[in-house]
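Shown here: structure_1.txt, compact mmCIF, C-alpha atoms.
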```txt
# COMPACT_ATOMS: atom_id res chain seq x y z
CA MET A 1 28.09 -29.01 -8.72
CA LEU A 2 26.06 -27.24 -6.05
CA ASP A 3 28.20 -26.03 -3.13
CA LYS A 4 26.15 -27.01 -0.08
CA SER A 5 28.65 -25.44 2.32
CA GLU A 6 28.18 -22.07 0.66
CA LEU A 7 24.40 -22.38 0.80
CA ARG A 8 24.53 -23.32 4.47
CA LEU A 9 26.74 -20.32 5.17
CA LYS A 10 24.17 -18.04 3.54
CA LEU A 11 21.54 -19.35 5.96
CA VAL A 12 23.53 -19.45 9.20
CA THR A 13 24.77 -15.87 8.69
CA LEU A 14 21.27 -14.38 8.35
CA ALA A 15 20.90 -11.44 10.73
CA VAL A 16 17.82 -9.43 9.74
CA PHE A 17 15.77 -12.53 8.87
CA ARG A 18 17.36 -14.82 11.44
CA ARG A 19 14.04 -15.95 12.92
CA ILE A 20 13.19 -17.91 9.78
CA LEU A 21 15.88 -20.43 10.80
CA ARG A 22 13.37 -21.69 13.40
CA ASP A 23 11.01 -22.77 10.64
CA PRO A 24 10.88 -26.61 10.33
CA VAL A 25 11.53 -26.58 6.56
CA ILE A 26 14.52 -24.23 6.82
CA ASN A 27 15.83 -26.11 9.85
CA ALA A 28 15.60 -29.39 7.94
CA LEU A 29 17.43 -27.78 5.02
CA LEU A 30 20.21 -26.70 7.38
CA GLU A 31 20.51 -30.26 8.70
CA LEU A 32 20.60 -31.53 5.14
CA LEU A 33 23.34 -29.11 4.11
CA ALA A 34 25.40 -30.17 7.13
CA ALA A 35 25.18 -33.88 6.24
CA GLY A 36 28.35 -35.53 4.98
CA ARG A 37 28.94 -37.79 2.00
CA ASP A 38 30.65 -40.33 4.28
CA GLU A 39 27.32 -41.24 5.93
CA PRO A 40 24.98 -41.92 3.01
CA ASP A 41 22.17 -43.35 5.16
CA LYS A 42 22.00 -40.25 7.33
CA ALA A 43 22.26 -38.00 4.28
CA ALA A 44 19.43 -39.87 2.55
CA ALA A 45 17.27 -39.68 5.67
CA ALA A 46 17.97 -35.93 5.99
CA LEU A 47 17.03 -35.41 2.34
CA ALA A 48 13.81 -37.39 2.76
CA GLU A 49 12.89 -35.43 5.89
CA TYR A 50 13.48 -32.14 4.09
CA VAL A 51 11.36 -33.22 1.13
CA HIS A 52 8.59 -34.38 3.48
CA LEU A 53 8.44 -31.04 5.32
CA LEU A 54 8.72 -29.05 2.10
CA MET A 55 5.79 -30.96 0.56
CA GLU A 56 3.76 -30.35 3.74
CA ALA A 57 4.46 -26.63 3.31
CA GLY A 58 3.26 -26.58 -0.30
CA GLY A 59 6.28 -27.93 -2.19
CA ASP A 60 7.58 -24.55 -3.41
CA LEU A 61 10.66 -23.47 -1.44
CA GLY A 62 10.74 -19.98 -2.98
CA ALA A 63 7.10 -19.32 -2.12
CA HIS A 64 7.63 -20.73 1.38
CA ILE A 65 10.63 -18.49 2.05
CA GLY A 66 8.66 -15.56 0.63
CA ARG A 67 5.89 -16.16 3.17
CA LEU A 68 8.40 -16.47 5.98
CA VAL A 69 10.17 -13.19 5.28
CA LEU A 70 6.90 -11.32 4.81
CA ALA A 71 5.66 -12.61 8.17
CA ASP A 72 8.92 -11.88 9.97
CA GLU A 73 8.73 -8.94 12.38
CA ASN A 74 12.32 -7.74 12.23
CA ALA A 75 14.28 -4.54 12.60
CA TYR A 76 13.84 -3.62 8.95
CA LEU A 77 10.05 -4.05 9.10
CA ARG A 78 9.80 -1.96 12.27
CA ALA A 79 11.83 0.79 10.66
CA ARG A 80 9.50 0.82 7.64
CA ILE A 81 6.41 0.92 9.87
CA LYS A 82 7.71 3.97 11.72
CA GLY A 83 8.17 5.79 8.44
CA GLY A 84 11.01 8.07 7.51
CA SER A 85 14.30 6.80 6.15
CA VAL A 86 15.68 3.36 6.96
CA PRO A 87 19.38 3.36 7.99
CA ALA A 88 21.50 2.63 4.92
CA GLU A 89 23.32 -0.25 6.65
CA LEU A 90 20.00 -1.95 7.52
CA GLU A 91 18.68 -1.44 3.98
CA GLN A 92 21.82 -2.96 2.47
CA LEU A 93 21.83 -5.90 4.88
CA ALA A 94 18.20 -6.74 4.21
CA HIS A 95 18.77 -6.56 0.45
CA ARG A 96 21.86 -8.76 0.62
CA GLU A 97 20.11 -11.41 2.72
CA LEU A 98 17.09 -11.53 0.42
CA LEU A 99 19.34 -12.09 -2.59
CA ALA A 100 21.09 -14.85 -0.64
CA LEU A 101 17.72 -16.45 0.11
CA GLU A 102 16.90 -16.34 -3.60
CA GLU A 103 20.00 -18.47 -4.22
CA VAL A 104 19.05 -20.88 -1.45
CA ALA A 105 15.52 -21.22 -2.81
CA ALA A 106 16.90 -21.99 -6.28
CA ALA A 107 18.58 -25.21 -5.07
CA ARG A 108 16.97 -28.20 -6.83
CA LEU A 109 16.43 -31.58 -5.20
CA ASP A 110 18.57 -33.38 -7.77
CA GLU A 111 21.43 -30.94 -7.07
CA LEU A 112 21.13 -31.51 -3.33
CA ALA A 113 21.10 -35.28 -3.81
CA ALA A 114 24.17 -35.13 -6.05
CA ALA A 115 26.04 -32.90 -3.57
CA LEU A 116 25.35 -35.47 -0.84
CA GLY A 117 26.19 -38.48 -3.00
CA VAL A 118 22.68 -39.84 -2.50
CA ASN A 119 21.35 -41.96 -5.33
CA ILE A 120 17.67 -41.27 -4.79
CA SER A 121 15.46 -39.60 -7.35
CA PHE A 122 12.76 -37.18 -6.22
CA PRO A 123 10.35 -35.45 -8.58
CA ALA A 124 11.31 -31.92 -9.57
CA LEU A 125 9.49 -29.34 -7.46
CA PRO A 126 8.79 -25.75 -8.52
CA SER A 127 10.49 -22.87 -6.73
CA SER A 128 9.28 -19.31 -7.08
CA HIS A 129 12.67 -17.93 -6.13
CA GLU A 130 13.06 -15.35 -8.89
CA GLY A 131 12.16 -11.85 -7.77
CA LEU A 132 11.90 -12.78 -4.08
CA ALA A 133 13.73 -9.61 -3.02
CA ARG A 134 11.70 -7.44 -5.39
CA ARG A 135 8.41 -8.86 -4.09
CA TYR A 136 9.47 -8.24 -0.51
CA PHE A 137 10.30 -4.58 -1.06
CA GLU A 138 7.09 -4.07 -3.06
CA ALA A 139 5.18 -5.45 -0.07
CA MET A 140 7.05 -3.07 2.24
CA ASP A 141 6.03 -0.16 0.02
CA ALA A 142 2.39 -1.24 0.42
CA LEU A 143 2.38 -1.80 4.19
CA HIS A 144 -0.46 0.68 4.80
CA THR A 145 -2.82 -1.24 2.55
CA ARG A 146 -1.41 -4.76 2.47
CA GLY A 147 -0.11 -5.17 6.00
CA TYR A 148 2.37 -7.83 7.03
CA GLY A 149 2.38 -11.29 8.55
CA MET A 150 -1.07 -12.65 9.38
CA PHE A 151 -2.55 -9.20 8.74
CA ALA A 152 -1.52 -9.53 5.09
CA GLU A 153 -3.16 -12.94 4.75
CA HIS A 154 -6.38 -12.33 6.70
CA ALA A 155 -8.91 -9.50 6.99
CA MET A 156 -10.83 -10.64 10.07
CA PHE A 157 -9.58 -11.64 13.52
CA THR A 158 -10.89 -12.52 16.96
CA PHE A 159 -9.50 -11.43 20.30
CA ASP A 160 -10.39 -13.31 23.47
CA ARG A 161 -8.61 -14.50 26.59
CA ASP A 162 -6.33 -16.62 24.41
CA GLY A 163 -5.16 -13.59 22.43
CA LEU A 164 -5.42 -12.41 18.82
CA ARG A 165 -5.89 -14.93 16.03
CA PRO A 166 -7.16 -14.85 12.43
CA VAL A 167 -10.59 -16.07 11.39
CA SER A 168 -9.85 -18.95 9.02
CA VAL A 169 -13.31 -18.99 7.41
CA PRO A 170 -14.71 -15.43 7.55
CA ASP A 171 -18.20 -14.36 6.55
CA PRO A 172 -17.88 -13.56 2.80
CA VAL A 173 -20.87 -11.17 2.70
CA ARG A 174 -20.51 -8.22 0.30
CA LEU A 175 -22.26 -4.88 0.15
CA SER A 176 -23.88 -5.87 -3.13
CA GLU A 177 -25.66 -8.70 -1.31
CA LEU A 178 -27.34 -6.39 1.22
CA PHE A 179 -30.63 -4.77 0.35
CA SER A 180 -32.66 -1.93 1.88
CA TYR A 181 -31.29 0.07 4.86
CA ASP A 182 -29.43 2.30 2.39
CA ARG A 183 -29.50 5.33 4.70
CA GLU A 184 -28.30 3.40 7.74
CA ARG A 185 -25.57 1.58 5.83
CA GLY A 186 -24.55 4.83 4.15
CA GLU A 187 -23.91 6.51 7.51
CA VAL A 188 -21.68 3.65 8.62
CA LEU A 189 -19.81 3.54 5.31
CA ALA A 190 -19.21 7.30 5.24
CA ASN A 191 -17.68 7.11 8.71
CA ILE A 192 -15.39 4.22 7.73
CA LEU A 193 -14.28 5.93 4.52
CA ALA A 194 -13.33 9.01 6.53
CA PHE A 195 -11.40 6.72 8.88
CA LEU A 196 -9.49 5.16 5.97
CA GLU A 197 -8.64 8.61 4.64
CA GLY A 198 -7.11 9.59 7.98
CA LYS A 199 -9.93 11.99 8.86
CA PRO A 200 -11.64 12.09 12.28
CA ALA A 201 -14.02 9.14 12.61
CA ALA A 202 -16.54 8.32 15.31
CA ASN A 203 -16.89 5.16 17.35
CA MET A 204 -20.11 3.47 16.21
CA LEU A 205 -23.08 1.88 17.93
CA LEU A 206 -25.41 -0.06 15.65
CA TYR A 207 -28.54 -0.86 17.61
CA GLY A 208 -32.01 -2.17 16.95
CA ASP A 209 -33.90 -5.33 16.11
CA SER A 210 -32.14 -8.62 15.54
CA GLY A 211 -31.64 -9.86 12.00
CA THR A 212 -31.70 -6.40 10.44
CA GLY A 213 -28.14 -6.46 9.08
CA LYS A 214 -26.08 -4.70 11.76
CA SER A 215 -23.22 -7.18 11.85
CA SER A 216 -23.54 -7.96 8.13
CA THR A 217 -23.05 -4.28 7.36
CA VAL A 218 -19.78 -4.16 9.28
CA LYS A 219 -18.41 -7.38 7.79
CA ALA A 220 -19.44 -6.43 4.25
CA ILE A 221 -17.63 -3.09 4.54
CA VAL A 222 -14.49 -4.86 5.76
CA ASN A 223 -14.65 -7.35 2.88
CA GLU A 224 -15.06 -4.48 0.44
CA TYR A 225 -12.26 -2.29 1.80
CA ALA A 226 -9.73 -4.85 3.02
CA PRO A 227 -7.57 -4.09 -0.08
CA HIS A 228 -7.48 -0.48 1.16
CA GLY A 229 -5.99 -1.47 4.51
CA LEU A 230 -9.12 -2.11 6.60
CA ARG A 231 -9.20 -5.01 9.07
CA LEU A 232 -11.73 -6.21 11.65
CA VAL A 233 -10.99 -7.57 15.12
CA GLU A 234 -13.99 -9.09 16.86
CA LEU A 235 -13.52 -8.49 20.56
CA ARG A 236 -15.23 -11.16 22.61
CA GLN A 237 -17.09 -9.75 25.61
CA ASN A 238 -15.12 -11.96 28.01
CA ALA A 239 -11.94 -10.18 26.90
CA LEU A 240 -13.08 -6.60 27.50
CA GLY A 241 -10.86 -6.51 30.57
CA ASN A 242 -7.84 -7.03 28.29
CA LEU A 243 -8.84 -4.27 25.90
CA ASP A 244 -5.79 -2.14 26.65
CA ASN A 245 -3.53 -5.07 25.63
CA LEU A 246 -5.32 -5.35 22.30
CA VAL A 247 -5.02 -1.64 21.63
CA GLU A 248 -1.29 -1.69 22.42
CA THR A 249 -0.88 -4.62 20.01
CA LEU A 250 -2.62 -2.81 17.16
CA ALA A 251 -1.46 0.75 17.82
CA GLU A 252 1.84 0.47 15.92
CA ASN A 253 0.32 -1.46 13.02
CA PRO A 254 0.17 0.49 9.73
CA LEU A 255 -3.33 -0.81 8.94
CA LYS A 256 -6.72 0.53 10.09
CA PHE A 257 -8.78 -1.60 12.48
CA ILE A 258 -12.44 -1.81 13.43
CA VAL A 259 -12.56 -3.29 16.92
CA TYR A 260 -15.96 -4.91 16.79
CA ILE A 261 -18.10 -6.03 19.74
CA ASP A 262 -21.16 -8.01 18.70
CA ASP A 263 -24.37 -8.01 20.75
CA LEU A 264 -22.91 -5.83 23.48
CA SER A 265 -24.87 -5.73 26.72
CA LEU A 266 -23.44 -5.09 30.19
CA GLU A 267 -24.76 -5.45 33.70
CA SER A 268 -24.51 -2.35 35.86
CA ASN A 269 -21.76 -3.91 37.98
CA ASP A 270 -19.88 -5.47 35.08
CA PRO A 271 -16.08 -5.07 35.53
CA SER A 272 -15.77 -4.56 31.76
CA PHE A 273 -17.59 -1.24 32.05
CA GLY A 274 -14.49 0.69 33.10
CA PRO A 275 -12.03 -0.50 30.42
CA LEU A 276 -14.57 -0.02 27.64
CA LYS A 277 -15.54 3.44 28.83
CA ALA A 278 -11.87 4.42 29.05
CA ALA A 279 -11.21 3.16 25.53
CA LEU A 280 -14.17 5.03 24.07
CA GLU A 281 -13.16 8.22 25.85
CA GLY A 282 -9.64 7.89 24.48
CA SER A 283 -7.69 7.81 27.72
CA ALA A 284 -3.93 8.19 27.50
CA CYS A 285 -3.20 4.46 27.75
CA VAL A 286 -5.61 3.32 25.03
CA ARG A 287 -5.71 6.06 22.42
CA ALA A 288 -4.81 4.89 18.92
CA ASP A 289 -5.45 6.74 15.67
CA ASN A 290 -5.71 3.52 13.64
CA ILE A 291 -8.59 2.05 15.67
CA VAL A 292 -12.30 2.77 15.64
CA PHE A 293 -14.73 0.91 17.89
CA CYS A 294 -17.99 -0.53 16.65
CA ALA A 295 -20.58 -2.31 18.79
CA THR A 296 -23.89 -3.86 17.88
CA SER A 297 -26.71 -4.17 20.37
CA ASN A 298 -30.42 -4.79 20.47
CA ARG A 299 -30.66 -1.93 22.97
CA ARG A 300 -29.94 1.77 22.58
CA ARG A 301 -28.76 1.80 26.20
CA ILE A 302 -26.07 -0.82 26.59
CA VAL A 303 -25.91 -1.04 30.39
CA ARG A 304 -28.93 -2.77 31.86
CA GLN A 305 -30.70 -1.13 34.78
CA THR A 306 -33.32 -2.30 37.22
CA PHE A 307 -36.11 -0.38 38.92
CA SER A 308 -34.44 -1.05 42.27
CA GLU A 309 -31.36 0.81 41.10
CA ARG A 310 -33.47 3.82 40.18
CA GLU A 311 -35.23 3.72 43.54
CA GLY A 312 -32.14 2.86 45.59
CA ASP A 313 -30.66 4.78 48.54
CA ASP A 314 -27.56 6.06 46.75
CA ILE A 315 -27.18 9.71 47.75
CA ASN A 316 -25.81 10.56 44.30
CA ARG A 317 -28.25 8.25 42.52
CA ALA A 318 -28.80 10.62 39.60
CA GLU A 319 -25.08 10.86 38.91
CA THR A 320 -24.70 7.08 39.20
CA ILE A 321 -27.53 6.50 36.74
CA GLU A 322 -26.10 9.08 34.36
CA GLU A 323 -22.68 7.38 34.51
CA LYS A 324 -24.16 4.02 33.55
CA THR A 325 -26.43 5.29 30.81
CA SER A 326 -23.74 7.51 29.33
CA LEU A 327 -21.72 4.61 27.94
CA SER A 328 -23.92 4.59 24.84
CA ASP A 329 -23.21 8.30 24.41
CA ARG A 330 -19.49 7.55 24.13
CA PHE A 331 -20.24 6.22 20.65
CA GLY A 332 -20.20 9.29 18.45
CA LEU A 333 -22.30 7.65 15.76
CA ALA A 334 -25.41 5.71 16.76
CA VAL A 335 -27.40 4.15 13.91
CA GLY A 336 -30.69 2.35 14.43
CA PHE A 337 -31.61 -0.73 12.39
CA PHE A 338 -35.28 -1.68 12.82
CA ARG A 339 -37.62 -4.26 11.37
CA PRO A 340 -38.91 -3.30 7.93
CA ASP A 341 -42.57 -2.82 7.13
CA LYS A 342 -44.29 -5.06 4.62
CA ILE A 343 -43.10 -3.01 1.62
CA GLY A 344 -39.53 -2.82 2.88
CA TYR A 345 -39.47 -6.55 3.56
CA ALA A 346 -40.75 -7.27 0.05
CA GLU A 347 -37.93 -5.12 -1.38
CA ILE A 348 -35.35 -7.17 0.51
CA VAL A 349 -36.89 -10.40 -0.76
CA ARG A 350 -36.96 -8.98 -4.30
CA GLY A 351 -33.27 -8.07 -4.15
CA LEU A 352 -32.20 -11.44 -2.74
CA ALA A 353 -34.32 -13.32 -5.26
CA GLY A 354 -32.80 -11.34 -8.14
CA SER A 355 -29.28 -12.10 -6.90
CA ARG A 356 -30.10 -15.83 -7.09
CA GLY A 357 -31.84 -15.65 -10.48
CA ILE A 358 -35.27 -16.27 -8.94
CA GLU A 359 -38.26 -14.48 -10.43
CA PHE A 360 -40.06 -12.24 -7.96
CA THR A 361 -43.76 -12.94 -8.37
CA PRO A 362 -46.84 -12.06 -6.29
CA GLU A 363 -46.91 -15.69 -5.20
CA LEU A 364 -43.30 -15.52 -4.01
CA GLU A 365 -44.00 -12.27 -2.15
CA ALA A 366 -47.00 -13.83 -0.40
CA ALA A 367 -45.01 -16.93 0.53
CA ALA A 368 -42.20 -14.75 1.92
CA GLU A 369 -44.70 -12.82 4.05
CA GLN A 370 -46.18 -16.05 5.42
CA PHE A 371 -42.68 -17.35 6.14
CA ALA A 372 -41.84 -14.18 8.09
CA LEU A 373 -45.03 -14.47 10.18
CA ARG A 374 -44.09 -18.03 11.12
CA HIS A 375 -40.43 -17.28 11.83
CA GLY A 376 -40.24 -14.35 14.19
CA GLY A 377 -41.27 -11.47 11.96
CA ARG A 378 -39.91 -9.51 9.02
CA SER A 379 -36.15 -8.94 8.85
CA GLY A 380 -33.28 -9.25 6.46
CA ARG A 381 -32.28 -12.50 8.14
CA THR A 382 -35.76 -13.97 7.69
CA ALA A 383 -35.77 -12.91 4.02
CA LYS A 384 -32.43 -14.64 3.45
CA GLN A 385 -33.59 -17.81 5.16
CA PHE A 386 -36.66 -17.84 2.93
CA ILE A 387 -34.67 -17.33 -0.27
CA ASP A 388 -32.18 -20.01 0.83
CA LEU A 389 -35.04 -22.47 1.12
CA VAL A 390 -36.46 -21.44 -2.25
CA SER A 391 -33.01 -21.85 -3.85
CA ALA A 392 -32.78 -25.33 -2.34
CA GLY A 393 -36.13 -26.25 -3.87
```
Using structure tokens, write down the structure from this file.
Amino acid sequence: MLDKSELRLKLVTLAVFRRILRDPVINALLELLAAGRDEPDKAAAALAEYVHLLMEAGGDLGAHIGRLVLADENAYLRARIKGGSVPAELEQLAHRELLALEEVAAARLDELAAALGVNISFPALPSSHEGLARRYFEAMDALHTRGYGMFAEHAMFTFDRDGLRPVSVPDPVRLSELFSYDRERGEVLANILAFLEGKPAANMLLYGDSGTGKSSTVKAIVNEYAPHGLRLVELRQNALGNLDNLVETLAENPLKFIVYIDDLSLESNDPSFGPLKAALEGSACVRADNIVFCATSNRRRIVRQTFSEREGDDINRAETIEEKTSLSDRFGLAVGFFRPDKIGYAEIVRGLAGSRGIEFTPELEAAAEQFALRHGGRSGRTAKQFIDLVSAG
């Protein structure tokens, strides 16, 4: 018969992975293992509560524990992130606890019910407990490409005043779905590949007309190279003042991050100007080798200026103007994306039509041109909207 006291001891003596005891499923399992046979109603209620929470978590205790340990930021994980050798005592303790968790995850519902003297039958649930320790150490060996915690499960994140959180439904765009702009996209991709290889990489400014694929280029590259350790954090403009906090959060992470600012445009007196300028210059408090900044803008010069500023009475007006206009120059790579001509637009439509199995005919080309004239001009976005409508009939 299953020894519930022994299983409970394995859980309560966790040291490296102790935080997983706060998880509702594991906490309910602890309560269940502490229940006595002399109070069958309480034992039955504890078993039902555990089953309820386990089913809510997916129904597989081994898989659930596997997710918990991989998301746990503990002393062993921090030692692996820093590189070098992990202290032997810590290595042994982590290994022992993972093997103990394998045994816990192997406990079947019928065994738990029998150990409690509860005559209730629950359906057998799967448990992916075998190899839990092996899978954990394999993940630790792949930290620089796989990541850990939410960074292992997601490739795109947002950072605003509420902090860092994953994007649950990211844009799935792929490089194969983008047409034309090969030179522009190639410059961005070459810079990111150098970044992933640990070579010097430039902060990037993608500027130009709307709908020309600036943001799609960035997201497609991230989707393509996420398995190689690339992640994207979209920095909302209202959180630029907290940029140093974001950099400190990401600096020790083994992955590579594009900190992405979409449609960046600042007023001349914007308080975000200073933190962003400091980050791009690589000041002591914000430098991080695993971060590259990328901004998109419709303007080559990000900071707006007025004629009154140029004609003002500032004694050092020229220096002031230079300071404000120089923010764009802090991006080492500036790539312009502009509206295509008629031929370029037709090539985009041709590529999108082919990807949907639609024949590209002179009639389709003419209809696409008319659509662009009625909807703000030629662009990749307009071409996609047109093909979407054609696909929908």
When you draw a straight line from CA of Asp110 in chain A to CA of Arg22 in chain A, how long is it in Å?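 Going from CA of Asp110 in chain A over to CA of Arg22 in chain A covers 24.7 Å.
For the atom pair formed by CA of Val259 in chain A and CA of Gly84 in chain A, the distance is 27.8 Å, given to one decimal.
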Shortest contact to Ala279 in chain A, candidates A:Gly377, A:Ala251, A:Asp244, A:Asp262, atoms counted all atoms listed in the file, goes to A:Asp244
Top pick for closest residue to Ala201 in chain A, considering A:Ile26, A:Ala139, A:Ile291, A:Ile20 and counting all atoms listed in the file: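 Checking each candidate against Ala201 in chain A, we get A:Ile291 as the closest.
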For Leu2 in chain A, find every residue with an atom within 12 Å (counting all atoms listed in the file), except residues of its own chain fewer than 2 positions away, and show them as a VMD selection string. chain A and resid 4 to 8 33 103 to 104 106 to 117
Suppose you want the space between CA of Ala46 in chain A and CA of Leu68 in chain A; what is it in Å? 21.7 Å
Which residues of range 127-161 of chain A sit at most 12 Å from range 170-174 of chain A, using only C-alpha atoms? Give each one's shortest atom pair and distance in Å (one decimal place), in chain and ascending residue order, as a Markdown table.
```
| residue | atom | partner | partner_atom | distance |
| --- | --- | --- | --- | --- |
| A:His154 | CA | A:Pro170 | CA | 8.9 |
| A:Ala155 | CA | A:Pro170 | CA | 8.3 |
| A:Met156 | CA | A:Pro170 | CA | 6.7 |
| A:Phe157 | CA | A:Pro170 | CA | 8.7 |
| A:Thr158 | CA | A:Pro170 | CA | 10.6 |
```
Could you check which of A:Leu178, A:Leu32, A:Leu164, A:Leu205 is closest to Leu232 in chain A, using only C-alpha atoms? A:Leu164
So that I can see what lies close to Leu246 in chain A, please list as a ChimeraX atom specification the residues with an atom at most 10 Å from it, counting only C-alpha atoms and leaving out residues fewer than 6 positions away in the same chain. /A:159-160,163-164,233,235,239-240,259,286
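Using all atoms listed in the file for every distance, the candidate list A:Tyr181, A:Asp289, A:Ile221, A:Lys214 yields A:Asp289 as the residue closest to Glu197 in chain A.
Nearest residue to Ala100 in chain A, choosing from A:Ala57, A:Val51, A:Ala15, A:Ile81 and counting only C-alpha atoms: A:Ala15.
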Select, from A:Leu125, A:Leu70, A:Met55, A:Ala35, the residue with the minimum atom-to-atom distance to Leu143 in chain A, counting all atoms listed in the file.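 Checking each candidate against Leu143 in chain A, we get A:Leu70 as the closest.
The protein and nucleic acid residues lying at most 10 Å from Glu130 in chain A are Gly62, Ala63, Leu99, Glu102, Glu103, Ala105 and Ala106 of chain A, with all atoms listed in the file considered and sequence neighbours fewer than 6 positions away removed.
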Do a neighbour search on Phe338 in chain A at 12 Å with all atoms listed in the file, toss out local chain neighbours closer than 3 positions, and write the hits as a VMD selection string. chain A and resid 180 to 181 184 206 to 214 297 to 300 335 341 344 to 345 377 to 380
